[in-house]
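One file, upload-v5.cif, carrying mmCIF, C-alpha atoms:
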data_my_file
#
loop_
_atom_site.label_atom_id
_atom_site.label_comp_id
_atom_site.auth_asym_id
_atom_site.auth_seq_id
_atom_site.Cartn_x
_atom_site.Cartn_y
_atom_site.Cartn_z
CA MET O 1 0.11 -18.81 -4.02
CA ILE O 2 0.89 -16.60 -1.07
CA ALA O 3 0.46 -18.29 2.28
CA LEU O 4 0.17 -15.39 4.69
CA TYR O 5 1.13 -15.63 8.33
CA ARG O 6 -1.18 -17.53 10.68
CA HIS O 7 -0.80 -16.59 14.28
CA GLY O 8 0.45 -19.37 16.55
CA THR O 9 2.69 -20.20 19.49
CA SER O 10 4.37 -23.37 18.22
CA ALA O 11 8.12 -23.99 18.29
CA LEU O 12 8.17 -23.28 14.54
CA HIS O 13 6.48 -19.92 15.08
CA ARG O 14 9.07 -19.03 17.72
CA THR O 15 12.09 -20.09 15.66
CA PRO O 16 13.96 -17.06 14.25
CA ALA O 17 13.12 -16.26 10.62
CA ALA O 18 16.76 -16.49 9.51
CA VAL O 19 17.07 -20.02 10.92
CA LYS O 20 13.87 -21.11 9.15
CA LEU O 21 15.01 -19.51 5.92
CA LEU O 22 18.38 -21.30 6.03
CA ALA O 23 16.64 -24.58 6.94
CA LEU O 24 14.30 -24.14 3.97
CA ILE O 25 17.24 -23.57 1.62
CA ALA O 26 19.04 -26.65 3.01
CA LEU O 27 15.93 -28.84 2.78
CA ALA O 28 15.15 -27.59 -0.72
CA LEU O 29 18.69 -28.45 -1.87
CA LEU O 30 18.51 -31.88 -0.22
CA ILE O 31 15.10 -32.69 -1.72
CA SER O 32 16.16 -31.43 -5.16
CA LEU O 33 19.51 -33.20 -5.37
CA TRP O 34 18.78 -36.49 -3.58
CA PRO O 35 18.49 -39.41 -6.03
CA HIS O 36 15.01 -40.37 -4.93
CA THR O 37 13.61 -43.85 -4.47
CA GLY O 38 10.15 -44.86 -3.32
CA PRO O 39 11.07 -44.83 0.40
CA SER O 40 12.90 -41.47 0.13
CA LEU O 41 9.86 -39.89 -1.53
CA ALA O 42 7.68 -41.27 1.28
CA ILE O 43 10.12 -39.87 3.86
CA THR O 44 10.01 -36.48 2.09
CA GLY O 45 6.22 -36.46 2.32
CA GLY O 46 6.41 -37.59 5.96
CA VAL O 47 8.80 -34.76 6.83
CA VAL O 48 6.46 -32.19 5.26
CA ILE O 49 3.48 -33.57 7.19
CA ALA O 50 5.50 -33.72 10.42
CA LEU O 51 6.63 -30.10 10.05
CA TYR O 52 3.04 -28.91 9.48
CA ALA O 53 2.06 -30.89 12.59
CA LEU O 54 4.93 -29.26 14.49
CA ALA O 55 3.42 -25.88 13.63
CA LEU O 56 0.23 -27.10 15.35
CA PHE O 57 -1.88 -26.37 12.29
CA PRO O 58 -5.04 -28.40 11.68
CA PRO O 59 -4.77 -30.83 8.69
CA THR O 60 -6.98 -28.50 6.64
CA VAL O 61 -4.11 -26.01 6.40
CA LEU O 62 -1.85 -28.54 4.67
CA LEU O 63 -4.73 -29.70 2.46
CA ARG O 64 -5.44 -26.11 1.44
CA GLN O 65 -1.79 -25.58 0.53
CA LEU O 66 -1.93 -28.77 -1.54
CA TRP O 67 -5.11 -27.57 -3.25
CA LEU O 68 -3.46 -24.25 -4.08
CA ALA O 69 -0.55 -26.18 -5.62
CA ARG O 70 -2.84 -28.32 -7.82
CA TRP O 71 -2.02 -26.50 -11.06
CA ILE O 72 1.70 -26.92 -10.45
CA VAL O 73 1.07 -30.66 -10.15
CA VAL O 74 -1.01 -30.78 -13.33
CA LEU O 75 1.47 -28.68 -15.30
CA MET O 76 4.50 -30.61 -14.13
CA VAL O 77 3.04 -34.06 -14.64
CA ALA O 78 1.63 -33.18 -18.06
CA THR O 79 4.81 -31.61 -19.42
CA GLN O 80 7.23 -34.15 -17.97
CA LEU O 81 5.30 -37.19 -19.15
CA ILE O 82 6.13 -36.07 -22.70
CA PHE O 83 9.88 -36.36 -22.13
CA LEU O 84 10.42 -38.53 -19.04
CA THR O 85 9.34 -41.86 -17.61
CA PRO O 86 6.27 -41.85 -15.30
CA TRP O 87 8.53 -42.54 -12.32
CA ASP O 88 10.82 -39.56 -13.06
CA ALA O 89 7.75 -37.34 -13.62
CA LEU O 90 6.35 -38.43 -10.24
CA ALA O 91 9.67 -37.97 -8.43
CA ASN O 92 10.21 -34.47 -9.87
CA THR O 93 6.63 -33.43 -9.09
CA VAL O 94 6.92 -34.62 -5.48
CA ARG O 95 10.20 -32.71 -5.18
CA VAL O 96 8.68 -29.44 -6.38
CA VAL O 97 5.42 -29.79 -4.43
CA ALA O 98 7.32 -30.65 -1.24
CA ILE O 99 9.48 -27.53 -1.61
CA VAL O 100 6.42 -25.36 -2.38
CA LEU O 101 4.69 -26.73 0.73
CA LEU O 102 7.77 -26.08 2.87
CA ALA O 103 8.04 -22.52 1.51
CA GLY O 104 4.33 -22.11 2.32
CA LEU O 105 5.00 -23.37 5.85
CA LEU O 106 7.74 -20.75 6.24
CA THR O 107 5.36 -17.92 5.34
CA LEU O 108 2.56 -19.42 7.43
CA THR O 109 4.74 -19.43 10.55
CA THR O 110 6.75 -16.25 9.94
CA ARG O 111 5.52 -12.65 9.75
CA SER O 112 6.60 -11.33 6.38
CA GLU O 113 8.29 -8.36 8.06
CA ASP O 114 10.51 -10.79 10.03
CA LEU O 115 11.21 -12.74 6.89
CA LEU O 116 12.12 -9.59 4.99
CA ALA O 117 14.30 -8.38 7.86
CA ALA O 118 16.16 -11.72 7.71
CA LEU O 119 16.47 -11.43 3.93
CA GLU O 120 17.69 -7.85 4.21
CA ALA O 121 20.27 -8.86 6.81
CA GLY O 122 21.39 -11.71 4.57
CA LEU O 123 21.81 -9.35 1.63
CA VAL O 124 23.89 -6.76 3.51
CA PRO O 125 27.22 -8.41 2.54
CA PHE O 126 26.23 -7.96 -1.10
CA ALA O 127 26.07 -4.17 -0.69
CA ARG O 128 29.64 -3.97 -2.02
CA PHE O 129 28.29 -5.34 -5.32
CA GLY O 130 25.66 -2.61 -5.42
CA VAL O 131 22.77 -4.60 -3.90
CA ASP O 132 20.47 -2.33 -1.86
CA ALA O 133 19.10 -4.76 0.75
CA ARG O 134 16.30 -2.43 1.94
CA ARG O 135 15.13 -1.85 -1.60
CA VAL O 136 15.14 -5.59 -2.35
CA GLY O 137 13.12 -6.19 0.84
CA LEU O 138 10.59 -3.50 -0.03
CA THR O 139 10.30 -4.82 -3.59
CA LEU O 140 9.57 -8.33 -2.33
CA SER O 141 6.96 -7.00 0.12
CA LEU O 142 5.30 -5.05 -2.65
CA ALA O 143 5.27 -8.10 -4.91
CA ILE O 144 3.55 -10.12 -2.17
CA SER O 145 1.01 -7.35 -1.54
CA MET O 146 0.21 -6.74 -5.18
CA LEU O 147 -0.73 -10.31 -6.08
CA PRO O 148 -4.19 -10.15 -4.46
CA VAL O 149 -4.66 -6.67 -5.94
CA VAL O 150 -4.01 -7.97 -9.46
CA ALA O 151 -6.30 -10.94 -8.74
CA GLY O 152 -8.95 -8.40 -7.67
CA ILE O 153 -8.49 -6.44 -10.90
CA ALA O 154 -8.95 -9.66 -12.91
CA ALA O 155 -12.13 -10.43 -10.93
CA ARG O 156 -13.46 -6.90 -11.58
CA VAL O 157 -12.85 -7.26 -15.31
CA ARG O 158 -14.57 -10.66 -15.28
CA ASP O 159 -17.56 -9.23 -13.40
CA ALA O 160 -17.75 -6.28 -15.81
CA GLN O 161 -17.86 -8.71 -18.74
CA ARG O 162 -20.65 -10.70 -17.12
CA ALA O 163 -22.62 -7.55 -16.23
CA ARG O 164 -22.51 -6.42 -19.86
CA GLY O 165 -23.10 -9.89 -21.26
CA VAL O 166 -19.87 -10.02 -23.25
CA ARG O 167 -17.01 -12.51 -23.31
CA LEU O 168 -13.67 -11.01 -24.23
CA GLY O 169 -11.82 -14.34 -23.97
CA PRO O 170 -8.04 -13.92 -24.14
CA ARG O 171 -8.53 -10.23 -25.01
CA ALA O 172 -9.57 -9.69 -21.36
CA VAL O 173 -5.87 -9.51 -20.60
CA VAL O 174 -5.80 -6.00 -22.16
CA PRO O 175 -8.10 -4.25 -19.62
CA VAL O 176 -6.44 -6.22 -16.80
CA LEU O 177 -3.03 -4.98 -17.94
CA VAL O 178 -4.25 -1.38 -18.35
CA LEU O 179 -5.80 -1.36 -14.87
CA ALA O 180 -2.72 -3.04 -13.37
CA LEU O 181 -0.43 -0.43 -14.93
CA ARG O 182 -2.70 2.38 -13.70
CA HIS O 183 -2.57 0.81 -10.25
CA ALA O 184 1.24 0.69 -10.51
CA ASP O 185 1.21 4.47 -11.14
CA ASP O 186 -0.92 4.99 -8.02
CA VAL O 187 1.41 2.78 -5.97
CA ALA O 188 4.40 4.78 -7.23
CA ASP O 189 2.68 7.95 -5.98
CA ALA O 190 1.92 6.29 -2.64
CA LEU O 191 5.57 5.22 -2.31
CA SER O 192 6.70 8.75 -3.09
CA ALA O 193 4.23 10.17 -0.57
CA ARG O 194 5.64 7.85 2.10
CA GLY O 195 9.14 9.06 1.35
CA ALA O 196 10.46 5.97 -0.48
CA ASP O 197 13.17 6.72 -3.02
CA MET M 1 17.47 31.32 -11.17
CA GLY M 2 16.23 34.39 -9.27
CA GLU M 3 16.37 35.28 -5.62
CA PRO M 4 15.18 32.48 -3.33
CA ALA M 5 11.74 33.10 -1.87
CA PRO M 6 11.74 34.31 1.72
CA ALA M 7 11.34 31.50 4.23
CA ALA M 8 7.70 30.92 4.99
CA ALA M 9 6.32 30.50 8.50
CA ARG M 10 6.22 26.84 9.54
CA THR M 11 2.48 26.44 9.07
CA GLU M 12 2.10 28.46 5.92
CA ILE M 13 1.25 27.23 2.45
CA ILE M 14 2.21 29.78 -0.16
CA LEU M 15 1.53 29.43 -3.87
CA GLU M 16 2.59 32.16 -6.28
CA ASN M 17 1.42 32.22 -9.89
CA LEU M 18 1.45 28.44 -9.92
CA SER M 19 0.36 26.62 -13.06
CA VAL M 20 0.40 22.94 -13.96
CA GLU M 21 0.16 21.56 -17.48
CA LEU M 22 -0.18 17.86 -18.19
CA ASP M 23 -0.19 16.48 -21.74
CA GLY M 24 -0.61 19.99 -23.11
CA ARG M 25 -3.66 20.67 -20.94
CA ARG M 26 -3.63 23.40 -18.27
CA ILE M 27 -4.84 21.67 -15.10
CA LEU M 28 -4.05 24.51 -12.69
CA ASP M 29 -3.99 28.06 -13.96
CA ASP M 30 -2.06 30.85 -12.25
CA VAL M 31 -2.96 30.02 -8.66
CA THR M 32 -1.79 32.47 -6.00
CA VAL M 33 -2.82 31.93 -2.41
CA ARG M 34 -1.40 32.12 1.13
CA LEU M 35 -2.91 29.82 3.74
CA ASP M 36 -2.15 29.46 7.44
CA GLN M 37 -5.49 28.20 8.73
CA HIS M 38 -5.68 24.91 10.60
CA ARG M 39 -8.39 23.19 8.51
CA ILE M 40 -8.45 23.99 4.82
CA ALA M 41 -11.20 22.58 2.60
CA VAL M 42 -10.85 22.34 -1.18
CA ILE M 43 -14.03 21.97 -3.20
CA GLY M 44 -14.95 21.99 -6.86
CA ALA M 45 -16.43 19.89 -9.62
CA ASN M 46 -14.69 16.80 -11.00
CA GLY M 47 -11.76 17.85 -13.17
CA SER M 48 -11.59 21.33 -11.66
CA GLY M 49 -7.98 20.88 -10.51
CA LYS M 50 -8.49 20.36 -6.78
CA SER M 51 -6.73 16.98 -6.64
CA THR M 52 -3.85 18.38 -8.68
CA PHE M 53 -3.62 21.25 -6.19
CA ALA M 54 -3.37 18.70 -3.35
CA ARG M 55 -0.72 16.70 -5.19
CA VAL M 56 1.37 19.78 -5.85
CA LEU M 57 1.46 20.46 -2.11
CA ASP M 58 3.07 17.04 -1.51
CA GLY M 59 5.41 17.30 -4.49
CA LEU M 60 3.67 14.46 -6.32
CA ILE M 61 3.12 16.78 -9.27
CA ALA M 62 5.69 19.46 -10.08
CA PRO M 63 4.45 22.90 -11.11
CA THR M 64 5.03 23.87 -14.74
CA SER M 65 5.52 27.47 -13.65
CA GLY M 66 5.29 29.48 -10.46
CA THR M 67 6.31 28.40 -6.98
CA ALA M 68 4.85 26.57 -3.99
CA ARG M 69 6.27 26.57 -0.48
CA VAL M 70 4.74 24.32 2.15
CA HIS M 71 5.77 24.76 5.77
CA GLY M 72 8.90 26.52 4.59
CA HIS M 73 9.91 23.90 2.01
CA ASP M 74 9.89 24.42 -1.72
CA VAL M 75 7.85 21.57 -3.22
CA VAL M 76 10.51 20.90 -5.85
CA ARG M 77 13.85 21.67 -4.22
CA GLY M 78 12.92 20.75 -0.65
CA LEU M 79 11.06 17.57 -1.47
CA ARG M 80 12.89 15.27 0.95
CA GLU M 81 12.32 17.60 3.92
CA LEU M 82 8.74 18.23 2.79
CA ARG M 83 7.90 14.51 2.77
CA ARG M 84 9.05 14.18 6.36
CA GLU M 85 6.45 16.74 7.42
CA VAL M 86 3.55 15.92 5.14
CA GLY M 87 1.26 12.90 5.07
CA PHE M 88 -0.96 12.22 2.06
CA VAL M 89 -4.19 10.22 2.18
CA PHE M 90 -5.33 9.06 -1.26
CA THR M 91 -8.91 8.53 -2.41
CA ASN M 92 -8.36 4.87 -3.20
CA PRO M 93 -6.84 3.06 -0.22
CA ASP M 94 -5.98 0.04 -2.39
CA ALA M 95 -3.29 2.13 -4.01
CA GLN M 96 -1.94 3.30 -0.69
CA ILE M 97 -1.72 0.01 1.16
CA LEU M 98 1.68 -1.37 0.31
CA MET M 99 2.37 -4.22 2.72
CA PRO M 100 0.77 -7.67 3.02
CA THR M 101 -0.74 -7.30 6.48
CA VAL M 102 -2.41 -4.47 8.39
CA ALA M 103 0.27 -4.00 11.08
CA GLU M 104 3.09 -4.27 8.54
CA ASP M 105 1.56 -1.52 6.44
CA VAL M 106 1.43 0.85 9.41
CA ARG M 107 4.94 -0.21 10.40
CA LEU M 108 6.27 0.64 6.91
CA SER M 109 5.59 4.32 7.62
CA LEU M 110 8.03 4.19 10.53
CA ARG M 111 10.88 2.59 8.58
CA GLY M 112 13.99 4.66 9.00
CA SER M 113 12.33 6.80 11.70
CA GLY M 114 15.07 6.03 14.22
CA LEU M 115 12.58 4.62 16.72
CA THR M 116 13.36 1.38 18.53
CA ARG M 117 11.39 -1.75 17.74
CA ALA M 118 9.52 -1.44 21.05
CA GLU M 119 8.62 2.18 20.32
CA ILE M 120 7.45 1.25 16.83
CA ASP M 121 5.36 -1.64 18.24
CA ALA M 122 3.76 0.71 20.76
CA ARG M 123 2.95 3.38 18.19
CA VAL M 124 1.55 0.84 15.72
CA ALA M 125 -0.60 -0.78 18.41
CA ALA M 126 -1.88 2.61 19.57
CA VAL M 127 -2.86 3.83 16.10
CA LEU M 128 -4.51 0.50 15.16
CA ASP M 129 -6.47 0.67 18.41
CA ALA M 130 -7.50 4.27 17.74
CA TYR M 131 -8.91 3.29 14.34
CA GLY M 132 -10.61 0.08 15.47
CA LEU M 133 -8.16 -2.10 13.56
CA ALA M 134 -6.35 -3.76 16.48
CA GLU M 135 -8.12 -7.09 15.99
CA HIS M 136 -7.08 -7.10 12.31
CA ALA M 137 -3.38 -6.40 12.99
CA ASP M 138 -2.16 -9.67 11.46
CA ALA M 139 -4.92 -9.94 8.85
CA PRO M 140 -4.14 -9.61 5.14
CA ALA M 141 -4.73 -5.95 4.26
CA TYR M 142 -6.61 -6.91 1.09
CA SER M 143 -9.20 -8.78 3.13
CA LEU M 144 -10.45 -5.59 4.84
CA SER M 145 -13.64 -3.86 3.76
CA GLY M 146 -13.41 -0.61 1.78
CA GLY M 147 -14.04 1.47 4.89
CA GLN M 148 -11.49 -0.43 6.94
CA LYS M 149 -8.93 -0.01 4.16
CA GLN M 150 -9.45 3.75 4.24
CA LEU M 151 -9.04 3.71 8.02
CA LEU M 152 -5.81 1.74 7.57
CA ALA M 153 -4.56 4.20 4.94
CA LEU M 154 -5.24 7.06 7.34
CA ALA M 155 -3.64 5.20 10.26
CA SER M 156 -0.52 4.55 8.14
CA VAL M 157 -0.19 8.27 7.45
CA LEU M 158 -0.98 9.53 10.95
CA VAL M 159 1.36 7.11 12.74
CA ARG M 160 4.22 9.30 11.46
CA GLU M 161 2.66 12.29 13.22
CA PRO M 162 3.01 14.64 10.23
CA HIS M 163 2.69 18.41 10.63
CA LEU M 164 0.45 18.66 7.59
CA VAL M 165 -2.08 16.07 6.40
CA ILE M 166 -3.36 16.31 2.85
CA ALA M 167 -6.41 14.13 2.24
CA ASP M 168 -7.84 13.66 -1.24
CA GLU M 169 -11.51 12.76 -0.78
CA PRO M 170 -10.85 10.61 2.32
CA THR M 171 -14.51 9.82 3.01
CA THR M 172 -15.66 9.03 -0.53
CA LEU M 173 -15.55 5.23 -0.09
CA LEU M 174 -16.77 5.11 3.51
CA ASP M 175 -20.21 4.32 4.88
CA LEU M 176 -21.95 7.02 6.89
CA GLY M 177 -20.63 5.84 10.26
CA ASN M 178 -17.02 5.57 9.14
CA ALA M 179 -17.24 8.82 7.15
CA ARG M 180 -18.42 10.68 10.26
CA ARG M 181 -15.76 9.02 12.36
CA ILE M 182 -13.02 10.09 9.95
CA ALA M 183 -14.46 13.59 9.57
CA ARG M 184 -14.70 14.01 13.34
CA HIS M 185 -11.14 12.82 13.79
CA LEU M 186 -9.74 15.07 11.07
CA LEU M 187 -11.71 18.13 12.18
CA GLU M 188 -11.62 17.82 15.96
CA GLU M 189 -8.75 15.62 17.05
CA LEU M 190 -5.98 15.92 14.48
CA PRO M 191 -3.23 18.20 15.82
CA ALA M 192 -1.71 18.64 12.35
CA GLN M 193 -2.78 21.21 9.78
CA LEU M 194 -5.24 19.69 7.32
CA VAL M 195 -5.87 20.23 3.62
CA VAL M 196 -8.88 18.17 2.62
CA VAL M 197 -10.20 17.80 -0.91
CA THR M 198 -13.84 16.83 -0.59
CA HIS M 199 -17.25 16.62 -2.21
CA ASP M 200 -18.78 16.44 1.27
CA LEU M 201 -19.97 20.01 1.63
CA GLU M 202 -20.94 19.59 5.30
CA PHE M 203 -17.37 18.51 6.00
CA ALA M 204 -16.04 21.47 4.00
CA ALA M 205 -18.31 23.92 5.84
CA ARG M 206 -16.82 22.87 9.18
CA CYS M 207 -13.27 23.82 8.13
CA ASP M 208 -11.60 27.17 8.87
CA VAL M 209 -11.30 28.23 5.23
CA ALA M 210 -12.55 26.88 1.92
CA LEU M 211 -11.00 27.07 -1.54
CA ARG M 212 -13.09 26.59 -4.63
CA PHE M 213 -11.63 25.54 -7.98
CA ASP M 214 -13.33 25.95 -11.34
CA ALA M 215 -11.69 24.72 -14.55
CA GLY M 216 -8.21 24.91 -13.04
CA ARG M 217 -8.61 28.39 -11.58
CA LEU M 218 -8.87 29.20 -7.90
CA SER M 219 -12.20 30.99 -8.10
CA GLU M 220 -12.90 31.65 -4.44
CA VAL M 221 -11.17 31.61 -1.06
CA GLY M 222 -12.97 32.48 2.10
CA GLU M 223 -15.26 31.65 4.94
CA PRO M 224 -16.40 28.05 4.33
CA ALA M 225 -20.14 28.52 4.89
CA ARG M 226 -20.21 31.32 2.32
CA VAL M 227 -18.05 29.48 -0.25
CA VAL M 228 -20.09 26.29 0.13
CA GLU M 229 -23.40 28.16 -0.11
CA ARG M 230 -22.38 29.91 -3.33
CA TYR M 231 -21.13 26.58 -4.75
CA ARG M 232 -24.46 24.92 -3.93
CA ARG M 233 -26.35 27.80 -5.56
CA ASP M 234 -24.31 27.56 -8.76
CA PHE M 235 -25.25 23.90 -9.14
CA ALA M 236 -28.89 24.28 -8.08
#
Please, can you express the file's structure as structure tokens?
Amino acid sequence: MIALYRHGTSALHRTPAAVKLLALIALALLISLWPHTGPSLAITGGVVIALYALALFPPTVLLRQLWLARWIVVLMVATQLIFLTPWDALANTVRVVAIVLLAGLLTLTTRSEDLLAALEAGLVPFARFGVDARRVGLTLSLAISMLPVVAGIAARVRDAQRARGVRLGPRAVVPVLVLALRHADDVADALSARGAD
Amino acid sequence: MGEPAPAAARTEIILENLSVELDGRRILDDVTVRLDQHRIAVIGANGSGKSTFARVLDGLIAPTSGTARVHGHDVVRGLRELRREVGFVFTNPDAQILMPTVAEDVRLSLRGSGLTRAEIDARVAAVLDAYGLAEHADAPAYSLSGGQKQLLALASVLVREPHLVIADEPTTLLDLGNARRIARHLLEELPAQLVVVTHDLEFAARCDVALRFDAGRLSEVGEPARVVERYRRDFA
């Protein structure tokens, strides 16, 4: 799920990307490590709702983010119920969904270029260990951009199956992979043409 | 290694005995040509080698033998300098759009340009306005229509103000209105030299010179109306 930037003038929109990124990391650590009880889970949910309200988004934005996270909920609840108590499964699921929603809020209120600039600045100290901050930033941008492209390729393959009246089932992954790899070749050419190393 | 080729004039494209083989197949065969015209059209059937010719000029494909110098830069040894001067517009804009949103994609082209943020903002705004994309600046690039994506791809190339623009079938995916808009811009307003690979023979006929490829060989170079007319006749 990639929540792209939604234009706005709220305090959250105006907050520098680096501050929001650090706040997200701090909140994610707090939510992950806190030994949750019923009230603390409710407070976690309340904080998420309050932050979305602070961004001046209509409630539908939060609901859409929740809808996009539905498979995470299903997967987490289903797998954890095998090994954990229902309460632990619920607590862990709320933790993860809250963090996913907060990460979504970060991308909804921050242009990805500002976010990447903050990430790149944060990675500069790691240059001595061989980390190329610009390259990491570009790679992350590309990853974000390519997700809808791959989704589009999958939709094209699905439509082609329907048009020809065939169902490839799990084998449909083969044409999707082939087209995705071909697209990767084209992107490599485009990167070269734009002077990227 | 022999004597280096004499430096070419800044607007010249010089190919000497250039061949390209891919997977054992000869895609371009012994091409020799010298071009200094402003608008250069490249026509030919599918698989004739015209896209490979365009890619060689931007160093995307290295020649198997022979040499190519573009605006004074060898396409193999002077690749870094060449890329600063040349912009390439691909047929499929999906492959060329690299950033999540419209403005970010244009902005990517100016990374490392040395311009200030304000200068970059101004240039990006101007080019988006020129291509009718200003209202989509913060929109996800993938949500644009095919025509708008091609306009964005072109805007992302032209914002760098290259000296040479190479366009590989830039109007193929556009509707009539957008195709004419792009053609008019490339032919009448673009200050840079243009090499355009196209199946649009009207577009080709309006250039200053036309090249025709057949089965990897450069079969004709000359006055566009004449080259186009002969090409039409051969397929009649």
Problem - CA of Gly152 (chain O) to CA of Ser156 (chain M), distance in Å rounded to a single decimal - result: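 Between these atoms lies a distance of 22.1 Å.
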Exercise for the section: Could you list, as an MDAnalysis selection string, the residues of chain M having an atom within 7 Å of chain O when counting all atoms listed in the file? Expected result: chainID M and resid 60 83 87:88 95:96 98:100 104 109 142
Exercise for the section: Record the distance separating CA of Phe203 (chain M) and CA of His185 (chain M), expressed in Å with one decimal. Expected result: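 According to the coordinates, CA of Phe203 (chain M) and CA of His185 (chain M) are separated by 11.5 Å.
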Problem - Closest of M:Leu108, M:Val76, M:Val124, M:Ala130 to Leu116 (chain O) - atom-to-atom distances counting only C-alpha atoms - result: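 So, comparing all the options, the nearest one is M:Leu108.
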Fill in the blank from the handout: Pairwise distance, CA of Leu152 (chain M) with CA of Leu190 (chain M), equals 15.8 Å
Exercise for the section: Identify which of the residues O:Arg135, O:Pro58, O:Val124, O:Arg162 lies closest to Gly8 (chain O), counting all atoms listed in the file when measuring atom-to-atom distances. Expected result: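 Of O:Arg135, O:Pro58, O:Val124, O:Arg162, the one nearest Gly8 (chain O), counting all atoms listed in the file, is O:Pro58.
Distances from M:Ala215, M:Val197, M:Leu187, M:Val89 to Ala155 (chain M) were compared using all atoms listed in the file, and the smallest one belongs to M:Val89.
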Practice task
Spell out the residues picked by the PyMOL selection byres ((chain M and resi 40-47) around 6) here, as a list of chain:residue names.
Solution key: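 Taken over the shown coordinates, the PyMOL selection byres ((chain M and resi 40-47) around 6) returns M:Arg39, M:Ser48, M:Gly49, M:Leu194, M:Val195, M:Val196, M:Val197, M:Thr198, M:Ala204, M:Cys207, M:Val209, M:Ala210, M:Leu211, M:Arg212, M:Phe213.
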Exercise for the section: List the residues matched by the PyMOL selection byres ((chain M and resi 121) around 12) in the displayed structure as a PyMOL selection string, ordered by chain and then by residue number. Expected result: chain M and resi 103-104+106-108+110-111+115-120+122-128+137+159
